[in-house]
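Just below is one structure, and these are the notes that go with it.
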Amino acid sequence: MIYILDTANLQEIKRAYEYYPMEGVTTNPSIISKEKENFIKRLKDIRKIIGKESMLHAQVLAVTAEEMINEAKYIVNEIGGNIYIKIPVTPEGIKAIKILSKDGVKITATAIFTAQQALIASKAGADFVAPYVNRIDNISGNGVEVVGDIVELLELNNLTTKVLAASFKNVQQVNEVSLRGCQSVTVGSDIMDKLIEHALTELSVKQFINDWKNAYNKTTVL
Ligand code: E4P
C-alpha cells in the first residue's frame, strides 16, 4: 500500500511526512484554492518539504485536450521531480492522456466514478487511476466495489496502471479498498491520523509505563 496525503496545507504535509511513511501528495483545484496562494508557488513549497523523489500529483484546470497539454507541460517544467499530472476522465481528458503519456509525462487519471472510465484511462496510458470512493457512496453507489472492480479489470487486461483510491471520509473505506487489492490511497491528514490512532493502544502504553514506574521508579528503560 502506498499512502499519499490529499492536501496542499504545508503544516499538515510537514507533520505527516515527519510521522508517517508518506510517499506523495495529491492536490486538486479545490484543495489548492483553499490555501489562497499562487498555484506554482504552493506546489514548489510542497516539493521543498517532500523532496524530489516523493510523488506530487497536480491537476490541470483546462477542459480541452490542447489546453490540458499546455497546462501539463507548464506544471512539469516548473515543478520537476517525481511529478504526476492529474487529468479528469472526460473525452478531452482521455485524448490529452494519450498524447501526454506518449511524450513521457506521468499521468493520474482523476474524477473517476466507474470502472470503465478507469479501464479506458489506463488503456490511454495513465500511470494511476483515481476513483472517488466517498463521492460514489454519496450517489448511492458503492465506492469500495468500484475500486475492487477496477483492480480486477486492470489485472484481467494485464495493465500495470495502479489504482489510487481517493475521496475518503472514514477509516473503514480505506481498510476495505486495501483488502480489495488497491495499491495506493490518498487521504486527508485527519484520516491519516485516524488510521493509526487507537484509545486501547494509548491505554496499553500508559499501563506499561505505570508497571515500569512501580517496579523501577523511573519512566525509561535506560
Ligand atoms: C484526489 O486528490 C481527489 O481529488 C480528492 O480525494 C477528492 O476528495 P473529495 O471528494 O473529498 O473532495
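All residue names refer to the C-alpha cells as shown: chains lettered A, B, ... in order, residues numbered from 1 in each chain, ligands numbered from 1 in order.
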
Review point. Quick one: residues within 8 Å of ligand 1, with only C-alpha atoms and all ligand atoms, as an MDAnalysis selection string?
Key: chainID A and resid 6:7 26:28 30:31 57 110:111 130 132:135 165:169 186:188

Writing out the chosen residues with N, CA, C and O atoms as a CSV table (one decimal), in the first residue's frame:
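Full text of result17.csv as output:
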chain,number,residue,atom,x,y,z
A,6,ASP,N,-3.6,14.0,0.9
A,6,ASP,CA,-4.5,14.7,0.0
A,6,ASP,C,-4.7,16.1,0.5
A,6,ASP,O,-5.8,16.4,1.0
A,7,THR,N,-3.7,17.0,0.4
A,7,THR,CA,-3.8,18.3,0.9
A,7,THR,C,-2.7,19.2,0.3
A,7,THR,O,-1.7,18.7,-0.2
A,26,THR,N,-1.2,14.6,-3.1
A,26,THR,CA,-2.1,14.9,-4.2
A,26,THR,C,-2.8,16.2,-3.9
A,26,THR,O,-3.1,16.6,-2.8
A,27,THR,N,-3.0,16.9,-5.0
A,27,THR,CA,-3.8,18.2,-4.9
A,27,THR,C,-4.9,18.2,-6.0
A,27,THR,O,-4.8,17.4,-6.9
A,28,ASN,N,-5.8,19.0,-5.9
A,28,ASN,CA,-6.8,19.3,-7.0
A,28,ASN,C,-7.1,20.8,-6.9
A,28,ASN,O,-6.7,21.4,-5.9
A,30,SER,N,-9.7,22.4,-6.1
A,30,SER,CA,-10.4,22.8,-4.9
A,30,SER,C,-9.4,22.8,-3.7
A,30,SER,O,-9.5,23.8,-2.8
A,31,ILE,N,-8.6,21.8,-3.6
A,31,ILE,CA,-7.6,21.8,-2.4
A,31,ILE,C,-6.7,22.9,-2.5
A,31,ILE,O,-6.4,23.6,-1.5
A,57,HIS,N,1.2,15.1,-7.1
A,57,HIS,CA,0.2,15.0,-8.1
A,57,HIS,C,-0.5,16.3,-8.2
A,57,HIS,O,-1.1,16.8,-7.2
A,110,THR,N,-8.1,11.2,-13.1
A,110,THR,CA,-8.9,11.5,-11.9
A,110,THR,C,-10.4,11.8,-12.2
A,110,THR,O,-10.8,11.7,-13.3
A,111,ALA,N,-11.1,12.0,-11.1
A,111,ALA,CA,-12.6,12.2,-11.2
A,111,ALA,C,-13.2,11.0,-11.7
A,111,ALA,O,-14.1,11.1,-12.6
A,130,ALA,N,-7.7,7.3,-10.4
A,130,ALA,CA,-8.2,7.7,-9.1
A,130,ALA,C,-9.7,7.7,-9.0
A,130,ALA,O,-10.4,8.7,-9.3
A,132,TYR,N,-13.2,8.0,-7.0
A,132,TYR,CA,-13.6,8.9,-5.8
A,132,TYR,C,-14.6,8.1,-4.9
A,132,TYR,O,-15.8,8.1,-5.1
A,133,VAL,N,-14.0,7.4,-4.0
A,133,VAL,CA,-14.8,6.4,-3.1
A,133,VAL,C,-16.0,7.1,-2.5
A,133,VAL,O,-17.1,6.6,-2.6
A,134,ASN,N,-15.7,8.1,-1.7
A,134,ASN,CA,-16.9,8.7,-0.9
A,134,ASN,C,-17.9,9.4,-1.8
A,134,ASN,O,-19.1,9.4,-1.5
A,135,ARG,N,-17.4,10.0,-2.9
A,135,ARG,CA,-18.4,10.7,-3.8
A,135,ARG,C,-19.3,9.6,-4.5
A,135,ARG,O,-20.4,9.9,-4.8
A,165,ALA,N,-6.9,5.2,-4.9
A,165,ALA,CA,-8.3,5.5,-4.5
A,165,ALA,C,-8.3,6.8,-3.7
A,165,ALA,O,-7.3,7.1,-3.0
A,166,ALA,N,-9.3,7.6,-3.9
A,166,ALA,CA,-9.3,9.0,-3.4
A,166,ALA,C,-10.7,9.3,-2.8
A,166,ALA,O,-11.6,8.4,-2.9
A,167,SER,N,-10.8,10.5,-2.2
A,167,SER,CA,-12.1,10.9,-1.7
A,167,SER,C,-12.6,10.0,-0.6
A,167,SER,O,-13.6,9.3,-0.7
A,168,PHE,N,-11.9,10.0,0.5
A,168,PHE,CA,-12.2,9.1,1.7
A,168,PHE,C,-12.8,10.0,2.8
A,168,PHE,O,-12.4,11.1,3.0
A,169,LYS,N,-13.8,9.5,3.5
A,169,LYS,CA,-14.3,10.2,4.6
A,169,LYS,C,-14.2,9.4,5.9
A,169,LYS,O,-14.5,9.8,7.0
A,186,THR,N,-5.1,8.1,-1.3
A,186,THR,CA,-4.8,9.4,-0.9
A,186,THR,C,-5.8,9.9,0.1
A,186,THR,O,-7.0,9.8,-0.1
A,187,VAL,N,-5.3,10.3,1.3
A,187,VAL,CA,-6.2,10.7,2.4
A,187,VAL,C,-5.9,12.0,3.0
A,187,VAL,O,-4.7,12.4,2.9
A,188,GLY,N,-6.9,12.7,3.5
A,188,GLY,CA,-6.6,13.9,4.3
A,188,GLY,C,-5.8,13.6,5.5
A,188,GLY,O,-5.7,12.5,6.0

Check your understanding: Any idea what's packed within 12 Å of Ile99 (chain A), counting only C-alpha atoms, ignoring anything in its chain fewer than 3 positions away? Could you give it as number ranges by chain?
Key -> A: 65-66, 68-70, 72-73, 92-96, 102-107, 124-126

Take the residues just selected and output them with all heavy atoms as a short mmCIF file (atom, residue, chain, number, x, y, z; two decimals), in the first residue's frame.
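Writing done, so here's out.cif:
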data_model
loop_
_atom_site.label_atom_id
_atom_site.label_comp_id
_atom_site.auth_asym_id
_atom_site.auth_seq_id
_atom_site.Cartn_x
_atom_site.Cartn_y
_atom_site.Cartn_z
N ALA A 65 -8.35 19.24 -24.71
CA ALA A 65 -7.11 18.45 -24.67
C ALA A 65 -5.90 19.34 -24.93
O ALA A 65 -4.89 19.24 -24.23
CB ALA A 65 -7.19 17.33 -25.70
N GLU A 66 -6.03 20.24 -25.91
CA GLU A 66 -4.90 21.10 -26.26
C GLU A 66 -4.46 21.95 -25.07
O GLU A 66 -3.27 22.04 -24.75
CB GLU A 66 -5.33 21.99 -27.44
CG GLU A 66 -4.15 22.64 -28.14
CD GLU A 66 -4.62 23.64 -29.19
OE1 GLU A 66 -5.81 23.67 -29.55
OE2 GLU A 66 -3.74 24.41 -29.63
N MET A 68 -5.18 21.36 -21.88
CA MET A 68 -4.70 20.47 -20.80
C MET A 68 -3.22 20.14 -21.02
O MET A 68 -2.43 20.14 -20.08
CB MET A 68 -5.49 19.16 -20.80
CG MET A 68 -6.90 19.25 -20.24
SD MET A 68 -7.70 17.63 -20.42
CE MET A 68 -9.32 18.00 -19.82
N ILE A 69 -2.88 19.86 -22.28
CA ILE A 69 -1.49 19.51 -22.61
C ILE A 69 -0.57 20.69 -22.30
O ILE A 69 0.49 20.52 -21.70
CB ILE A 69 -1.39 19.06 -24.09
CG1 ILE A 69 -2.10 17.71 -24.24
CG2 ILE A 69 0.06 18.97 -24.55
CD1 ILE A 69 -2.42 17.31 -25.67
N ASN A 70 -1.01 21.90 -22.67
CA ASN A 70 -0.19 23.10 -22.37
C ASN A 70 0.00 23.26 -20.87
O ASN A 70 1.11 23.51 -20.40
CB ASN A 70 -0.85 24.36 -22.93
CG ASN A 70 -0.75 24.42 -24.43
OD1 ASN A 70 0.10 23.74 -25.02
ND2 ASN A 70 -1.62 25.20 -25.06
N ALA A 72 -0.27 20.97 -18.55
CA ALA A 72 0.52 19.85 -18.02
C ALA A 72 2.01 20.10 -18.21
O ALA A 72 2.81 19.94 -17.28
CB ALA A 72 0.11 18.55 -18.71
N LYS A 73 2.37 20.53 -19.42
CA LYS A 73 3.79 20.77 -19.71
C LYS A 73 4.34 21.91 -18.86
O LYS A 73 5.48 21.87 -18.39
CB LYS A 73 3.99 21.03 -21.20
CG LYS A 73 3.80 19.74 -22.00
CD LYS A 73 4.13 19.88 -23.46
CE LYS A 73 4.07 18.51 -24.12
NZ LYS A 73 4.05 18.58 -25.58
N GLU A 92 -12.08 14.76 -23.66
CA GLU A 92 -10.90 15.61 -23.91
C GLU A 92 -9.73 15.18 -23.03
O GLU A 92 -8.57 15.20 -23.45
CB GLU A 92 -11.24 17.09 -23.65
CG GLU A 92 -12.21 17.70 -24.64
CD GLU A 92 -11.62 17.91 -26.03
OE1 GLU A 92 -10.41 18.20 -26.14
OE2 GLU A 92 -12.37 17.76 -27.01
N GLY A 93 -10.05 14.79 -21.79
CA GLY A 93 -9.00 14.33 -20.87
C GLY A 93 -8.32 13.06 -21.37
O GLY A 93 -7.10 12.94 -21.32
N ILE A 94 -9.13 12.13 -21.87
CA ILE A 94 -8.56 10.87 -22.39
C ILE A 94 -7.65 11.15 -23.59
O ILE A 94 -6.56 10.60 -23.70
CB ILE A 94 -9.69 9.87 -22.77
CG1 ILE A 94 -10.52 9.49 -21.54
CG2 ILE A 94 -9.10 8.62 -23.44
CD1 ILE A 94 -9.78 8.76 -20.43
N LYS A 95 -8.09 12.09 -24.44
CA LYS A 95 -7.26 12.47 -25.59
C LYS A 95 -5.92 13.05 -25.09
O LYS A 95 -4.85 12.68 -25.61
CB LYS A 95 -8.03 13.51 -26.42
CG LYS A 95 -7.28 13.99 -27.64
CD LYS A 95 -8.14 15.01 -28.41
CE LYS A 95 -7.31 15.69 -29.50
NZ LYS A 95 -8.06 16.75 -30.17
N ALA A 96 -6.00 13.91 -24.09
CA ALA A 96 -4.77 14.51 -23.54
C ALA A 96 -3.88 13.44 -22.91
O ALA A 96 -2.64 13.48 -23.06
CB ALA A 96 -5.14 15.59 -22.50
N LYS A 102 2.45 9.43 -24.18
CA LYS A 102 3.41 9.10 -25.26
C LYS A 102 4.63 10.01 -25.18
O LYS A 102 5.73 9.62 -25.56
CB LYS A 102 2.75 9.23 -26.63
CG LYS A 102 1.89 8.03 -26.97
CD LYS A 102 1.66 7.89 -28.48
CE LYS A 102 0.66 6.78 -28.76
NZ LYS A 102 -0.74 7.27 -28.84
N ASP A 103 4.43 11.24 -24.67
CA ASP A 103 5.55 12.20 -24.51
C ASP A 103 6.32 11.96 -23.23
O ASP A 103 7.20 12.75 -22.87
CB ASP A 103 4.98 13.64 -24.44
CG ASP A 103 4.77 14.21 -25.82
OD1 ASP A 103 5.10 13.54 -26.81
OD2 ASP A 103 4.27 15.36 -25.90
N GLY A 104 5.94 10.95 -22.47
CA GLY A 104 6.69 10.61 -21.24
C GLY A 104 6.22 11.34 -19.99
O GLY A 104 6.87 11.27 -18.95
N VAL A 105 5.08 12.06 -20.07
CA VAL A 105 4.55 12.73 -18.88
C VAL A 105 3.79 11.70 -18.06
O VAL A 105 2.99 10.92 -18.60
CB VAL A 105 3.62 13.90 -19.28
CG1 VAL A 105 2.98 14.53 -18.05
CG2 VAL A 105 4.40 14.94 -20.08
N LYS A 106 4.05 11.69 -16.73
CA LYS A 106 3.36 10.72 -15.86
C LYS A 106 1.97 11.26 -15.52
O LYS A 106 1.82 12.43 -15.15
CB LYS A 106 4.19 10.46 -14.61
CG LYS A 106 5.48 9.70 -14.96
CD LYS A 106 6.21 9.22 -13.76
CE LYS A 106 7.02 10.31 -13.14
NZ LYS A 106 7.95 9.82 -12.10
N ILE A 107 0.98 10.37 -15.63
CA ILE A 107 -0.42 10.81 -15.54
C ILE A 107 -1.19 10.07 -14.45
O ILE A 107 -1.10 8.84 -14.32
CB ILE A 107 -1.16 10.52 -16.88
CG1 ILE A 107 -0.44 11.16 -18.07
CG2 ILE A 107 -2.62 10.92 -16.80
CD1 ILE A 107 -0.54 12.65 -18.14
N ALA A 124 -5.36 4.34 -22.24
CA ALA A 124 -4.86 5.56 -22.88
C ALA A 124 -3.44 5.90 -22.41
O ALA A 124 -2.77 6.73 -23.00
CB ALA A 124 -5.81 6.72 -22.60
N GLY A 125 -3.01 5.27 -21.29
CA GLY A 125 -1.63 5.49 -20.84
C GLY A 125 -1.48 6.05 -19.44
O GLY A 125 -0.37 6.43 -19.05
N ALA A 126 -2.56 6.11 -18.66
CA ALA A 126 -2.44 6.65 -17.29
C ALA A 126 -1.60 5.73 -16.40
O ALA A 126 -1.70 4.50 -16.50
CB ALA A 126 -3.83 6.83 -16.68
#

Practice item. Find the residues near Glu176 (chain A): any atom within 12 Å, counting only C-alpha atoms, skip ones fewer than 2 places away on the same chain, and give them as a list in words. Key: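 Everything that qualifies: Val133, Asn142, Gly143, Val144, Glu145, Val146, Val147, Gly148, Ala165, Phe168, Asn170, Val171, Gln172, Gln173, Val174, Ser178, Leu179, Arg180, Gly181, Cys182 and Val185 of chain A.
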
Exercise for review: Can you work out the spacing between CA of Ile87 (chain A) and CA of Ala62 (chain A) in Å, to one decimal?
Suggested key: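 Separation of CA of Ile87 (chain A) and CA of Ala62 (chain A): 9.3 Å.
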
Check your understanding: With only C-alpha atoms as the basis for distance, which of A:Ile46, A:Leu222, A:Ser204, A:Ala8 is at the shortest distance from Lys34 (chain A)?
Key -> A:Ala8

Practice item. Report the distance between CA of Gly80 (chain A) and CA of Val63 (chain A) in Å, rounded to one decimal place. Key: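 So the two atoms, CA of Gly80 (chain A) and CA of Val63 (chain A), lie 23.1 Å apart.
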
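With only C-alpha atoms as the basis for measurement, A:Val25 is the residue among A:Ser33, A:Lys218, A:Val25, A:Met1 that approaches Lys52 (chain A) most closely.
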
Check your understanding: Just asking: which residues within region 5-222 of chain A are strand (DSSP E or B) according to DSSP, as number ranges by chain?
Key -> A: 5-6, 22-26, 55-59, 83-88, 107-112, 128-132, 162-166, 184-187

So that I have them on file, write out the residues from the current selection with N, CA and C atoms, as an mmCIF file, in the first residue's frame.
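Produced file selection-v7.cif, reproduced below:
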data_model
loop_
_atom_site.group_PDB
_atom_site.id
_atom_site.type_symbol
_atom_site.label_atom_id
_atom_site.label_comp_id
_atom_site.auth_asym_id
_atom_site.auth_seq_id
_atom_site.Cartn_x
_atom_site.Cartn_y
_atom_site.Cartn_z
ATOM 1 N N LEU A 5 -0.828 11.875 0.799
ATOM 2 C CA LEU A 5 -1.598 12.869 1.552
ATOM 3 C C LEU A 5 -2.359 13.783 0.590
ATOM 4 N N ASP A 6 -3.633 13.968 0.855
ATOM 5 C CA ASP A 6 -4.527 14.713 -0.036
ATOM 6 C C ASP A 6 -4.737 16.128 0.507
ATOM 7 N N MET A 22 4.816 8.394 4.383
ATOM 8 C CA MET A 22 4.147 9.014 3.232
ATOM 9 C C MET A 22 5.017 8.889 1.982
ATOM 10 N N GLU A 23 4.359 8.676 0.841
ATOM 11 C CA GLU A 23 5.110 8.560 -0.423
ATOM 12 C C GLU A 23 4.676 9.592 -1.457
ATOM 13 N N GLY A 24 3.807 10.522 -1.046
ATOM 14 C CA GLY A 24 3.417 11.534 -2.016
ATOM 15 C C GLY A 24 2.323 12.453 -1.498
ATOM 16 N N VAL A 25 2.029 13.461 -2.324
ATOM 17 C CA VAL A 25 0.964 14.429 -2.019
ATOM 18 C C VAL A 25 0.105 14.576 -3.274
ATOM 19 N N THR A 26 -1.213 14.593 -3.078
ATOM 20 C CA THR A 26 -2.119 14.893 -4.192
ATOM 21 C C THR A 26 -2.803 16.225 -3.925
ATOM 22 N N MET A 55 6.250 11.536 -4.713
ATOM 23 C CA MET A 55 5.285 11.872 -5.763
ATOM 24 C C MET A 55 4.507 13.141 -5.420
ATOM 25 N N LEU A 56 4.373 14.017 -6.412
ATOM 26 C CA LEU A 56 3.498 15.175 -6.268
ATOM 27 C C LEU A 56 2.516 15.143 -7.444
ATOM 28 N N HIS A 57 1.215 15.061 -7.110
ATOM 29 C CA HIS A 57 0.181 14.981 -8.149
ATOM 30 C C HIS A 57 -0.530 16.334 -8.217
ATOM 31 N N ALA A 58 -0.457 16.983 -9.378
ATOM 32 C CA ALA A 58 -1.084 18.302 -9.541
ATOM 33 C C ALA A 58 -2.010 18.260 -10.754
ATOM 34 N N GLN A 59 -3.144 18.938 -10.620
ATOM 35 C CA GLN A 59 -4.214 18.776 -11.624
ATOM 36 C C GLN A 59 -4.306 19.962 -12.596
ATOM 37 N N ILE A 83 6.826 14.185 -10.609
ATOM 38 C CA ILE A 83 5.529 14.879 -10.752
ATOM 39 C C ILE A 83 4.553 14.064 -11.601
ATOM 40 N N TYR A 84 3.319 14.017 -11.144
ATOM 41 C CA TYR A 84 2.229 13.360 -11.883
ATOM 42 C C TYR A 84 1.187 14.429 -12.218
ATOM 43 N N ILE A 85 0.721 14.422 -13.459
ATOM 44 C CA ILE A 85 -0.303 15.378 -13.857
ATOM 45 C C ILE A 85 -1.665 14.698 -13.776
ATOM 46 N N LYS A 86 -2.548 15.305 -12.977
ATOM 47 C CA LYS A 86 -3.902 14.758 -12.828
ATOM 48 C C LYS A 86 -4.804 15.312 -13.932
ATOM 49 N N ILE A 87 -5.460 14.414 -14.617
ATOM 50 C CA ILE A 87 -6.350 14.806 -15.712
ATOM 51 C C ILE A 87 -7.697 14.102 -15.539
ATOM 52 N N PRO A 88 -8.790 14.879 -15.483
ATOM 53 C CA PRO A 88 -10.120 14.256 -15.354
ATOM 54 C C PRO A 88 -10.457 13.419 -16.586
ATOM 55 N N ILE A 107 0.982 10.372 -15.625
ATOM 56 C CA ILE A 107 -0.420 10.808 -15.543
ATOM 57 C C ILE A 107 -1.192 10.066 -14.449
ATOM 58 N N THR A 108 -1.989 10.851 -13.709
ATOM 59 C CA THR A 108 -3.002 10.280 -12.822
ATOM 60 C C THR A 108 -4.366 10.673 -13.377
ATOM 61 N N ALA A 109 -5.103 9.699 -13.851
ATOM 62 C CA ALA A 109 -6.451 9.976 -14.363
ATOM 63 C C ALA A 109 -7.375 10.122 -13.160
ATOM 64 N N THR A 110 -8.127 11.215 -13.136
ATOM 65 C CA THR A 110 -8.881 11.530 -11.916
ATOM 66 C C THR A 110 -10.364 11.769 -12.197
ATOM 67 N N ALA A 111 -11.112 11.996 -11.091
ATOM 68 C CA ALA A 111 -12.575 12.191 -11.150
ATOM 69 C C ALA A 111 -13.239 10.953 -11.744
ATOM 70 N N ILE A 112 -12.807 9.777 -11.271
ATOM 71 C CA ILE A 112 -13.318 8.510 -11.797
ATOM 72 C C ILE A 112 -14.478 8.003 -10.923
ATOM 73 N N PHE A 128 -1.650 6.133 -12.924
ATOM 74 C CA PHE A 128 -2.581 5.901 -11.818
ATOM 75 C C PHE A 128 -3.992 6.223 -12.297
ATOM 76 N N VAL A 129 -4.971 5.541 -11.711
ATOM 77 C CA VAL A 129 -6.374 5.930 -11.901
ATOM 78 C C VAL A 129 -6.965 6.192 -10.514
ATOM 79 N N ALA A 130 -7.684 7.306 -10.390
ATOM 80 C CA ALA A 130 -8.155 7.744 -9.070
ATOM 81 C C ALA A 130 -9.685 7.726 -8.965
ATOM 82 N N PRO A 131 -10.248 6.608 -8.481
ATOM 83 C CA PRO A 131 -11.696 6.573 -8.232
ATOM 84 C C PRO A 131 -12.036 7.313 -6.939
ATOM 85 N N TYR A 132 -13.189 8.017 -6.952
ATOM 86 C CA TYR A 132 -13.609 8.862 -5.826
ATOM 87 C C TYR A 132 -14.563 8.081 -4.917
ATOM 88 N N LYS A 162 -1.694 1.682 -11.694
ATOM 89 C CA LYS A 162 -2.065 1.448 -10.291
ATOM 90 C C LYS A 162 -3.359 2.201 -9.946
ATOM 91 N N VAL A 163 -4.089 1.640 -8.999
ATOM 92 C CA VAL A 163 -5.292 2.328 -8.517
ATOM 93 C C VAL A 163 -4.902 3.223 -7.342
ATOM 94 N N LEU A 164 -5.254 4.501 -7.466
ATOM 95 C CA LEU A 164 -5.021 5.471 -6.387
ATOM 96 C C LEU A 164 -6.399 5.903 -5.900
ATOM 97 N N ALA A 165 -6.928 5.158 -4.933
ATOM 98 C CA ALA A 165 -8.278 5.478 -4.460
ATOM 99 C C ALA A 165 -8.252 6.805 -3.704
ATOM 100 N N ALA A 166 -9.295 7.613 -3.926
ATOM 101 C CA ALA A 166 -9.336 8.978 -3.379
ATOM 102 C C ALA A 166 -10.722 9.270 -2.824
ATOM 103 N N SER A 184 -2.804 2.013 -3.828
ATOM 104 C CA SER A 184 -2.480 3.281 -3.170
ATOM 105 C C SER A 184 -3.752 4.032 -2.792
ATOM 106 N N VAL A 185 -3.612 4.836 -1.730
ATOM 107 C CA VAL A 185 -4.746 5.667 -1.290
ATOM 108 C C VAL A 185 -4.234 7.087 -1.035
ATOM 109 N N THR A 186 -5.086 8.069 -1.304
ATOM 110 C CA THR A 186 -4.756 9.425 -0.898
ATOM 111 C C THR A 186 -5.810 9.884 0.103
ATOM 112 N N VAL A 187 -5.318 10.338 1.264
ATOM 113 C CA VAL A 187 -6.228 10.664 2.371
ATOM 114 C C VAL A 187 -5.860 12.017 2.976
#
